[in-house]
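Okay, model.tsv is below, TSV, C-alpha atoms and all ligand atoms:
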chain	number	residue	atom	x	y	z
S	108	MET	CA	25.94	23.25	-22.79
S	109	ARG	CA	22.13	22.94	-22.54
S	110	LYS	CA	20.15	25.99	-21.44
S	111	LEU	CA	18.15	25.01	-18.36
S	112	LEU	CA	15.32	27.19	-17.04
S	113	LEU	CA	14.09	26.56	-13.51
S	114	GLN	CA	10.43	27.64	-13.49
S	115	LEU	CA	9.32	28.51	-9.95
S	116	ASP	CA	5.59	29.21	-9.78
S	117	THR	CA	3.76	30.42	-6.67
S	118	SER	CA	0.53	28.81	-7.93
S	119	VAL	CA	-0.12	25.08	-7.49
S	120	HIS	CA	0.17	24.33	-11.21
S	121	PRO	CA	3.14	25.95	-12.95
S	122	SER	CA	1.95	28.12	-15.84
S	123	VAL	CA	1.78	26.22	-19.13
S	124	PHE	CA	1.93	29.56	-20.98
S	125	ASP	CA	5.23	30.49	-19.34
S	126	ARG	CA	6.63	27.04	-20.04
S	127	VAL	CA	5.73	27.12	-23.74
S	128	VAL	CA	7.20	30.62	-24.17
S	129	ALA	CA	10.40	29.48	-22.46
S	130	PHE	CA	10.87	26.65	-24.97
S	131	ASP	CA	9.96	28.93	-27.88
S	132	ALA	CA	12.53	31.46	-26.66
S	133	GLY	CA	15.33	28.90	-26.74
S	134	ALA	CA	15.43	27.09	-23.39
S	135	ASP	CA	16.50	23.48	-23.96
S	136	GLU	CA	14.79	22.21	-20.81
S	137	VAL	CA	12.29	23.78	-18.41
S	138	MET	CA	12.16	22.35	-14.90
S	139	SER	CA	8.79	23.38	-13.49
S	140	TYR	CA	7.83	23.56	-9.82
S	141	GLY	CA	4.46	24.73	-8.49
S	142	GLY	CA	3.35	25.92	-5.07
S	143	VAL	CA	6.78	27.38	-4.33
S	144	ASN	CA	7.12	29.99	-1.61
S	145	GLU	CA	9.91	31.86	0.14
S	146	ASP	CA	10.18	29.18	2.84
S	147	THR	CA	10.70	26.31	0.40
S	148	VAL	CA	12.75	27.88	-2.38
S	149	ARG	CA	16.30	27.86	-0.99
S	150	ASP	CA	17.11	24.22	-1.77
S	151	LEU	CA	15.68	24.55	-5.28
S	152	VAL	CA	17.97	27.52	-5.90
S	153	HIS	CA	20.93	25.63	-4.45
S	154	GLY	CA	20.22	22.80	-6.89
S	155	ALA	CA	20.53	25.33	-9.71
S	156	ILE	CA	23.69	27.09	-8.55
S	157	PHE	CA	25.80	24.21	-7.17
S	158	THR	CA	25.64	21.90	-10.20
S	159	ARG	CA	27.61	23.90	-12.75
S	160	GLY	CA	30.83	25.86	-12.27
S	161	PRO	CA	30.65	29.67	-12.08
S	162	LYS	CA	31.81	30.09	-15.69
S	163	ASP	CA	28.94	27.90	-16.90
S	164	LEU	CA	26.18	29.29	-14.66
S	165	HIS	CA	24.85	31.54	-17.41
S	166	HIS	CA	23.48	28.35	-18.99
S	167	THR	CA	21.06	28.04	-16.06
S	168	ALA	CA	18.37	30.64	-15.19
S	169	ILE	CA	15.29	31.07	-13.03
S	170	PHE	CA	11.80	32.27	-14.02
S	171	ILE	CA	9.30	33.25	-11.30
S	172	GLY	CA	5.59	33.18	-12.15
S	173	GLY	CA	2.19	32.55	-10.58
S	174	THR	CA	-1.04	34.47	-10.19
S	175	ASP	CA	-0.08	36.37	-7.02
S	176	MET	CA	2.21	39.35	-7.59
S	177	ALA	CA	3.05	39.89	-3.93
S	178	ALA	CA	3.96	36.21	-3.56
S	179	GLY	CA	6.14	36.50	-6.65
S	180	GLU	CA	7.95	39.50	-5.19
S	181	ARG	CA	8.59	37.62	-1.95
S	182	LEU	CA	9.89	34.66	-3.93
S	183	LEU	CA	12.24	36.86	-5.94
S	184	ALA	CA	13.66	38.31	-2.71
S	185	ALA	CA	14.18	34.80	-1.31
S	186	VAL	CA	15.82	33.57	-4.52
S	187	ARG	CA	18.27	36.48	-4.48
S	188	LYS	CA	18.99	35.86	-0.81
S	189	ALA	CA	20.00	32.27	-1.64
S	190	PHE	CA	22.71	33.52	-4.04
S	191	PHE	CA	26.18	34.41	-2.82
S	192	GLY	CA	29.38	35.55	-4.47
S	193	PRO	CA	29.65	34.13	-8.00
S	194	MET	CA	27.15	31.40	-7.12
S	195	ARG	CA	24.12	32.94	-8.79
S	196	VAL	CA	22.04	32.69	-11.96
S	197	SER	CA	19.94	35.23	-13.81
S	198	VAL	CA	16.34	35.50	-12.67
S	199	MET	CA	13.13	36.98	-14.13
S	200	LEU	CA	9.89	37.89	-12.31
S	201	ASP	CA	6.70	37.89	-14.40
S	202	SER	CA	3.80	36.80	-12.18
S	203	ASN	CA	0.71	36.41	-14.40
S	204	GLY	CA	2.56	38.05	-17.28
S	205	SER	CA	2.48	41.23	-15.22
S	206	ASN	CA	5.77	42.84	-16.13
S	207	THR	CA	5.93	41.89	-19.79
S	208	THR	CA	2.28	42.84	-20.42
S	209	ALA	CA	2.56	46.09	-18.47
S	210	VAL	CA	5.75	47.09	-20.27
S	211	ALA	CA	4.08	46.36	-23.63
S	212	ALA	CA	0.91	48.30	-22.78
S	213	VAL	CA	2.75	51.32	-21.37
S	214	SER	CA	5.08	51.28	-24.39
S	215	LYS	CA	2.10	51.42	-26.74
S	216	LEU	CA	0.45	54.25	-24.79
S	217	GLN	CA	3.68	56.21	-24.64
S	218	GLN	CA	4.21	55.70	-28.35
S	219	ALA	CA	0.72	57.12	-28.97
S	220	VAL	CA	1.08	60.30	-26.90
S	221	GLY	CA	4.81	60.99	-27.33
S	222	SER	CA	5.47	61.69	-23.67
S	223	LEU	CA	3.51	60.63	-20.61
S	224	GLN	CA	5.02	63.40	-18.50
S	225	GLY	CA	2.27	65.24	-16.63
S	226	LEU	CA	-0.58	63.38	-18.33
S	227	ARG	CA	-3.43	62.09	-16.21
S	228	ALA	CA	-3.57	58.31	-16.54
S	229	VAL	CA	-6.22	55.99	-15.14
S	230	VAL	CA	-5.73	52.23	-14.85
S	231	THR	CA	-9.09	50.55	-14.35
S	232	ALA	CA	-8.94	47.48	-12.10
S	233	GLY	CA	-5.36	48.47	-11.39
S	234	THR	CA	-4.96	46.33	-8.28
S	235	GLY	CA	-4.11	43.11	-10.16
S	236	PRO	CA	-0.61	42.06	-11.25
S	237	VAL	CA	-0.77	43.65	-14.72
S	238	GLY	CA	-2.47	46.89	-13.61
S	239	ALA	CA	-0.17	47.37	-10.64
S	240	ARG	CA	2.98	47.00	-12.73
S	241	ALA	CA	1.54	49.29	-15.43
S	242	ALA	CA	0.63	51.93	-12.85
S	243	GLY	CA	4.19	51.79	-11.54
S	244	LEU	CA	5.70	52.18	-15.02
S	245	LEU	CA	3.30	55.05	-15.79
S	246	VAL	CA	4.26	56.92	-12.63
S	247	MET	CA	7.95	56.37	-13.42
S	248	SER	CA	7.29	57.93	-16.83
S	249	GLY	CA	5.98	61.08	-15.15
S	250	ALA	CA	2.24	60.53	-15.47
S	251	ASP	CA	-0.28	61.53	-12.80
S	252	VAL	CA	-1.67	58.06	-12.11
S	253	ALA	CA	-4.86	56.74	-10.54
S	254	ILE	CA	-5.98	53.13	-10.26
S	255	THR	CA	-9.54	51.99	-9.72
S	256	SER	CA	-10.75	49.21	-7.45
S	257	ARG	CA	-14.19	47.93	-6.52
S	258	ARG	CA	-13.13	48.35	-2.91
S	259	ALA	CA	-12.55	51.56	-1.00
S	260	ASP	CA	-9.07	50.43	-0.04
S	261	ALA	CA	-6.03	52.50	-0.92
S	262	SER	CA	-3.47	49.92	0.23
S	263	ALA	CA	-2.76	48.60	-3.28
S	264	ALA	CA	-2.10	52.12	-4.60
S	265	ALA	CA	0.14	52.83	-1.62
S	266	SER	CA	2.22	49.71	-2.13
S	267	ILE	CA	2.64	50.38	-5.88
S	268	GLY	CA	3.72	53.94	-5.05
S	269	GLN	CA	6.20	52.63	-2.51
S	270	ARG	CA	7.61	50.05	-4.92
S	271	PHE	CA	8.02	52.51	-7.82
S	272	GLY	CA	8.78	55.69	-5.90
S	273	GLY	CA	5.75	57.84	-6.70
S	274	THR	CA	2.22	58.68	-5.67
S	275	ILE	CA	-0.69	56.70	-7.09
S	276	ARG	CA	-4.24	57.80	-6.35
S	277	SER	CA	-6.90	55.22	-5.56
S	278	LEU	CA	-10.42	55.60	-6.96
S	279	THR	CA	-13.33	53.43	-5.90
S	280	MET	CA	-15.28	52.18	-8.91
S	281	ALA	CA	-17.84	49.56	-7.91
S	282	ASP	CA	-18.73	48.65	-11.49
S	283	ALA	CA	-18.88	50.00	-15.04
S	284	SER	CA	-21.48	52.62	-14.09
S	285	GLY	CA	-18.75	54.45	-12.17
S	286	ALA	CA	-16.31	54.63	-15.10
S	287	GLY	CA	-17.41	58.09	-16.28
S	288	ALA	CA	-16.63	59.66	-12.91
S	289	ALA	CA	-13.36	57.74	-12.54
S	290	LEU	CA	-12.19	58.91	-15.97
S	291	ALA	CA	-12.93	62.62	-15.45
S	292	GLY	CA	-9.94	64.51	-16.85
S	293	ALA	CA	-8.14	61.34	-17.97
S	294	GLU	CA	-5.87	61.62	-21.02
S	295	VAL	CA	-4.52	58.06	-20.91
S	296	LEU	CA	-6.60	54.98	-20.13
S	297	LEU	CA	-5.52	51.40	-19.51
S	298	ASN	CA	-8.03	48.70	-18.65
S	299	ALA	CA	-6.38	45.93	-16.61
S	300	GLY	CA	-9.59	44.24	-15.53
S	301	PRO	CA	-10.15	40.49	-15.57
S	302	ALA	CA	-10.98	38.44	-18.65
S	303	GLY	CA	-14.46	38.94	-20.06
S	304	VAL	CA	-15.48	41.92	-17.90
S	305	GLN	CA	-16.39	45.21	-19.57
S	306	LEU	CA	-15.44	47.95	-17.15
S	307	VAL	CA	-15.46	51.02	-19.41
S	308	PRO	CA	-18.59	51.77	-21.50
S	309	LEU	CA	-18.13	53.82	-24.69
S	310	GLY	CA	-19.73	56.93	-23.19
S	311	ALA	CA	-17.18	57.00	-20.37
S	312	TRP	CA	-14.19	57.59	-22.66
S	313	ALA	CA	-15.31	58.53	-26.20
S	314	GLY	CA	-14.70	62.20	-26.93
S	315	THR	CA	-13.84	63.00	-23.32
S	316	GLY	CA	-10.21	64.04	-23.79
S	317	VAL	CA	-8.76	60.53	-23.61
S	318	ARG	CA	-5.86	60.63	-26.10
S	319	ALA	CA	-4.70	57.02	-25.86
S	320	ALA	CA	-6.39	53.89	-24.53
S	321	ALA	CA	-5.33	50.26	-24.18
S	322	ASP	CA	-7.31	47.21	-23.13
S	323	VAL	CA	-5.46	44.03	-22.13
S	324	ASN	CA	-8.55	41.85	-21.74
S	325	ALA	CA	-8.73	39.50	-24.72
S	326	VAL	CA	-11.98	37.73	-23.80
S	327	PRO	CA	-15.29	39.19	-25.07
S	328	PRO	CA	-16.77	41.56	-24.21
S	329	SER	CA	-13.84	43.94	-24.49
S	330	GLY	CA	-12.84	45.68	-21.27
S	331	ILE	CA	-13.21	49.07	-22.98
S	332	GLU	CA	-16.29	49.25	-25.19
S	333	GLY	CA	-15.39	50.26	-28.74
S	334	ILE	CA	-11.85	48.85	-28.73
S	335	ASP	CA	-11.33	45.71	-30.79
S	336	VAL	CA	-8.81	43.11	-29.60
S	337	ARG	CA	-6.89	43.57	-32.86
S	338	ASP	CA	-6.60	47.36	-32.62
S	339	ASP	CA	-2.97	48.38	-32.66
S	340	GLY	CA	-2.75	52.13	-33.02
S	341	ALA	CA	-6.12	52.72	-34.70
S	342	GLU	CA	-7.75	56.12	-34.18
S	343	LYS	CA	-11.18	55.84	-32.60
S	344	GLU	CA	-13.33	58.40	-30.81
S	345	GLY	CA	-10.46	60.91	-30.81
S	346	ALA	CA	-7.97	58.50	-29.25
S	347	VAL	CA	-5.23	56.13	-30.41
S	348	VAL	CA	-6.34	52.70	-29.24
S	349	PHE	CA	-4.80	49.29	-28.59
S	350	GLY	CA	-6.60	45.99	-28.00
S	351	ALA	CA	-5.35	42.91	-26.18
S	352	LEU	CA	-3.82	41.31	-29.27
S	353	GLY	CA	-2.15	44.57	-30.26
S	354	VAL	CA	-0.55	44.74	-26.82
S	355	GLY	CA	-0.04	40.96	-26.70
S	356	GLY	CA	2.09	40.83	-29.85
S	357	LEU	CA	4.63	43.17	-28.29
S	358	LYS	CA	4.33	41.39	-24.93
S	359	MET	CA	5.38	38.13	-26.59
S	360	LYS	CA	8.40	39.76	-28.23
S	361	ILE	CA	9.46	41.26	-24.91
S	362	HIS	CA	8.91	37.99	-23.01
S	363	LYS	CA	10.99	35.98	-25.47
S	364	ALA	CA	13.75	38.60	-25.60
S	365	CYS	CA	13.95	38.49	-21.81
S	366	ILE	CA	14.29	34.68	-21.74
S	367	THR	CA	17.10	34.97	-24.30
S	368	ARG	CA	18.85	37.59	-22.12
S	369	LEU	CA	18.70	35.36	-19.05
S	370	PHE	CA	21.18	32.99	-20.70
S	371	GLU	CA	23.70	35.69	-21.67
S	372	ARG	CA	25.06	36.23	-18.13
S	373	ASN	CA	24.51	34.83	-14.65
S	374	ASP	CA	23.68	37.98	-12.67
S	375	LEU	CA	20.72	39.58	-14.45
S	376	VAL	CA	17.56	40.39	-12.46
S	377	LEU	CA	14.61	41.09	-14.74
S	378	ASP	CA	11.72	42.93	-13.06
S	379	ALA	CA	9.52	45.77	-14.37
S	380	GLU	CA	12.26	48.38	-14.88
S	381	THR	CA	14.86	46.02	-16.35
S	382	ILE	CA	12.25	44.36	-18.58
S	383	ALA	CA	11.43	47.87	-19.87
S	384	GLU	CA	15.16	48.25	-20.62
S	385	VAL	CA	15.12	45.01	-22.62
S	386	ALA	CA	12.06	46.29	-24.51
S	387	ARG	CA	13.97	49.43	-25.44
S	388	THR	CA	16.55	47.30	-27.24
S	389	LEU	CA	13.99	45.61	-29.48
S	390	PRO	CA	14.26	46.55	-33.17
S	391	SER	CA	11.28	48.95	-33.22
S	392	LYS	CA	12.58	51.60	-30.83
S	393	THR	CA	9.23	53.39	-30.69
S	394	ASP	CA	7.66	50.33	-29.03
S	395	ALA	CA	9.79	50.74	-25.93
S	396	PRO	CA	8.94	53.02	-23.00
S	397	ARG	CA	11.29	55.94	-22.38
S	398	GLY	CA	12.11	57.57	-19.10
S	399	THR	CA	11.55	54.51	-16.93
S	401	LIG	N1	-2.92	40.93	-23.61
S	401	LIG	C1	-1.98	40.24	-22.97
S	401	LIG	O1	-0.92	39.97	-23.50
S	401	LIG	C2	-2.22	39.83	-21.55
S	401	LIG	C3	-1.25	39.14	-20.80
S	401	LIG	C4	-1.50	38.83	-19.48
S	401	LIG	C5	-2.73	39.17	-18.93
S	401	LIG	N2	-3.68	39.77	-19.69
S	401	LIG	C6	-4.97	40.20	-19.16
S	401	LIG	O2	-4.71	41.31	-18.32
S	401	LIG	C7	-5.82	41.48	-17.46
S	401	LIG	C8	-5.31	41.77	-16.08
S	401	LIG	O3	-4.66	40.62	-15.56
S	401	LIG	P1	-4.45	40.48	-13.99
S	401	LIG	O4	-3.92	39.12	-13.74
S	401	LIG	O5	-3.71	41.66	-13.48
S	401	LIG	O6	-6.00	40.60	-13.54
S	401	LIG	P2	-6.78	40.12	-12.25
S	401	LIG	O7	-5.86	40.11	-11.09
S	401	LIG	O8	-7.54	38.89	-12.57
S	401	LIG	O9	-7.84	41.29	-12.10
S	401	LIG	C9	-7.45	42.63	-11.91
S	401	LIG	C10	-8.37	43.28	-10.91
S	401	LIG	O10	-9.71	43.27	-11.41
S	401	LIG	C11	-10.62	43.38	-10.32
S	401	LIG	N3	-11.72	42.43	-10.54
S	401	LIG	C12	-11.70	41.10	-10.34
S	401	LIG	N4	-12.89	40.56	-10.68
S	401	LIG	C13	-13.66	41.57	-11.11
S	401	LIG	C14	-15.00	41.66	-11.61
S	401	LIG	N5	-15.77	40.58	-11.74
S	401	LIG	N6	-15.47	42.88	-11.95
S	401	LIG	C15	-14.70	43.98	-11.84
S	401	LIG	N7	-13.43	43.97	-11.38
S	401	LIG	C16	-12.90	42.77	-11.03
S	401	LIG	C17	-9.83	43.09	-9.05
S	401	LIG	O11	-9.61	44.34	-8.39
S	401	LIG	P3	-10.47	44.86	-7.14
S	401	LIG	O12	-10.83	43.65	-6.32
S	401	LIG	O13	-9.52	45.79	-6.47
S	401	LIG	O14	-11.64	45.55	-7.74
S	401	LIG	C18	-8.48	42.59	-9.58
S	401	LIG	O15	-7.40	42.96	-8.73
S	401	LIG	C19	-6.68	40.23	-17.60
S	401	LIG	O16	-7.79	40.53	-18.44
S	401	LIG	C20	-5.74	39.25	-18.28
S	401	LIG	O17	-6.44	38.28	-19.03
S	401	LIG	C21	-3.42	40.13	-20.97
Can you give me the file's structure in the form of structure tokens?
Ligand SMILES: NC(=O)c1ccc[n+]([C@@H]2O[C@H](COP(=O)([O-])OP(=O)(O)OC[C@H]3O[C@@H](n4cnc5c(N)ncnc54)[C@H](OP(=O)(O)O)[C@@H]3O)[C@@H](O)[C@H]2O)c1
Amino acid sequence: MRKLLLQLDTSVHPSVFDRVVAFDAGADEVMSYGGVNEDTVRDLVHGAIFTRGPKDLHHTAIFIGGTDMAAGERLLAAVRKAFFGPMRVSVMLDSNGSNTTAVAAVSKLQQAVGSLQGLRAVVTAGTGPVGARAAGLLVMSGADVAITSRRADASAAASIGQRFGGTIRSLTMADASGAGAALAGAEVLLNAGPAGVQLVPLGAWAGTGVRAAADVNAVPPSGIEGIDVRDDGAEKEGAVVFGALGVGGLKMKIHKACITRLFERNDLVLDAETIAEVARTLPSKTDAPRGT
């Protein structure tokens, strides 16, 4: 029976990236819908669950994407609400690559330091989908986590803390000139800022006690000055560092493994924590986060 993936995207245009990865990971057909929200999703879900008998429903799955993490979370809740009894399919949430990228980045950082327990971690521009998920995974791993934002608004940190069951501090960092102060005492650094924006100058992290640093921005200039996109465990300025391609290689493995898993049963829900569990099963055990 053909493996059908229903791609529900909260943005107007369904992500081409997510669609290509779905095919590459083994989906036979990807049915893509854009501009989907919690008010319009029920009938789409019913179309997926009422067409095949319960024993065949693992051949159908749902992928939720889009640029807005909060909208993705609302959509996931609505999708799950539309299921009942055995009438359900597996579903994965990865708005803007948030969960798969965050799991990959936190895995790399954890691999570099051994254990994140008690370490002070700062996620620059941590209010976006990737940074928020990474901050949540870091706090679940026992780190003392702060996120930065250009705005003096702690609501994003509060909602991440609520979602992941921990306390995240919020630091206001208007621009790169504030990075030194934001990173005071930091041992782990993750830049989750937008493409092409350098948020952390070399002097803000080099030789300051930062033991591991990862940058997920792939577009020049690098988000963290001194880290090359291809860095994947290099030692620089006293830290083990990872660039966007170093993180991205693992992200792609995790993303594809998750799509494969969706078609193995009909009741899987893949979100940050369960995607981290899938990552732990990948061949290189040291790439997967522990304790989450
Ligand atoms: N390597 C990979 O495999 C991979 C995969 C997916 C995504 N990515 C990359 O991951 C990064 C994060 O993605 P995302 O979707 O979470 O990011 P995003 O939402 O575009 O941006 C994250 C945060 O950056 C801040 N920001 C926006 N514009 C800014 C500017 N001009 N200067 C300074 N701060 C700014 C905003 O926070 P405030 O308004 O609170 O300041 C925003 O919430 C991006 O660089 C993306 O390309 C990498």
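Residues surrounding Pro390 (chain S) within 12 Å are Leu357, Lys360, Ile361 and Ala364 of chain S [only C-alpha atoms; sequence separation below 6 positions excluded].
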Exercise on region 316-326 of chain S, axis-aligned box with 4 Å per side, report centre and edge lengths in Å to one decimal, as JSON:
{"center_x": -8.3, "center_y": 50.9, "center_z": -23.9, "size_x": 15.3, "size_y": 34.3, "size_z": 12.4}
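Within the 9 Å cut-off around Arg187 (chain S), using all atoms listed in the file and omitting residues fewer than 4 positions from it on the same chain, the listed residues are Leu182, Leu183, Phe191, Arg195, Val198 and Val376 of chain S.
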Open item on the list: Just checking: using all atoms listed in the file, which residue out of S:Ser197, S:Ser122, S:Thr147, S:Gln217 ends up closest to ligand LIG 401 (chain S)?
Closed with: S:Ser122
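Considering the residues S:Asp251, S:Asp378, S:Asp260, S:Glu294 and counting all atoms listed in the file, ligand LIG 401 (chain S) has its shortest atom-to-atom contact with S:Asp260.
Going from atom N2 of ligand LIG 401 (chain S) to CA of Leu309 (chain S) covers 20.8 Å.
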Task: Residues within 10 Å of region 237-243 of chain S, only C-alpha atoms, excluding chain neighbours under 2 positions, as a ChimeraX atom specification - done: /S:176,201-214,228-235,245-248,250-255,263-264,266-275,297-301,323,378-380,399
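If you look at atom O4 of ligand LIG 401 (chain S) and CA of Trp312 (chain S), they are 22.9 Å away from each other.
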- [ ] Counting all atoms listed in the file, figure out which residue out of S:Val196, S:Leu226, S:Asp282, S:Gln218 gets nearest to Arg387 (chain S).
- [x] S:Gln218
Do you know which residues are at most 8 Å from Ala319 (chain S) counting all atoms listed in the file, after dropping those on the same chain fewer than 4 positions away, and could you put them as a PDB file with C-alpha atoms, in the frame of the given file?
ATOM      1  CA  LEU S 216       0.450  54.250 -24.790  1.00  0.00           C
ATOM      2  CA  ALA S 219       0.720  57.120 -28.970  1.00  0.00           C
ATOM      3  CA  VAL S 220       1.080  60.300 -26.900  1.00  0.00           C
ATOM      4  CA  GLU S 294      -5.870  61.620 -21.020  1.00  0.00           C
ATOM      5  CA  VAL S 295      -4.520  58.060 -20.910  1.00  0.00           C
ATOM      6  CA  LEU S 296      -6.600  54.980 -20.130  1.00  0.00           C
ATOM      7  CA  ALA S 346      -7.970  58.500 -29.250  1.00  0.00           C
ATOM      8  CA  VAL S 347      -5.230  56.130 -30.410  1.00  0.00           C
ATOM      9  CA  VAL S 348      -6.340  52.700 -29.240  1.00  0.00           C
TER      10      VAL S 348
END
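Among the candidates S:Met194, S:Ala383, S:Ile331, S:Leu151, the residue lying nearest to ligand LIG 401 (chain S) is S:Ile331 (atoms considered: only C-alpha atoms and all ligand atoms).
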Open item on the list: Which residues are near region 136-144 of chain S? Cut-off 8 Å, all atoms listed in the file, ignore same chain within fewer than 2 positions. Put them as an MDAnalysis selection string.
Closed with: chainID S and resid 109:121 126 129:130 134 146:148 178 181:182
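Closest approach to ligand LIG 401 (chain S) among S:Lys162, S:Lys188, S:Lys358, S:Arg318: S:Lys358, based on all atoms listed in the file.
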TODO: Choose the residue, out of S:Gly310, S:Gly350, S:Gly221, S:Gly287, that has the smallest atom-to-atom separation from ligand LIG 401 (chain S); count only C-alpha atoms and all ligand atoms.
DONE: S:Gly350
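For the pair atom C15 of ligand LIG 401 (chain S) and CA of Gly303 (chain S), the interatomic distance is 9.6 Å.
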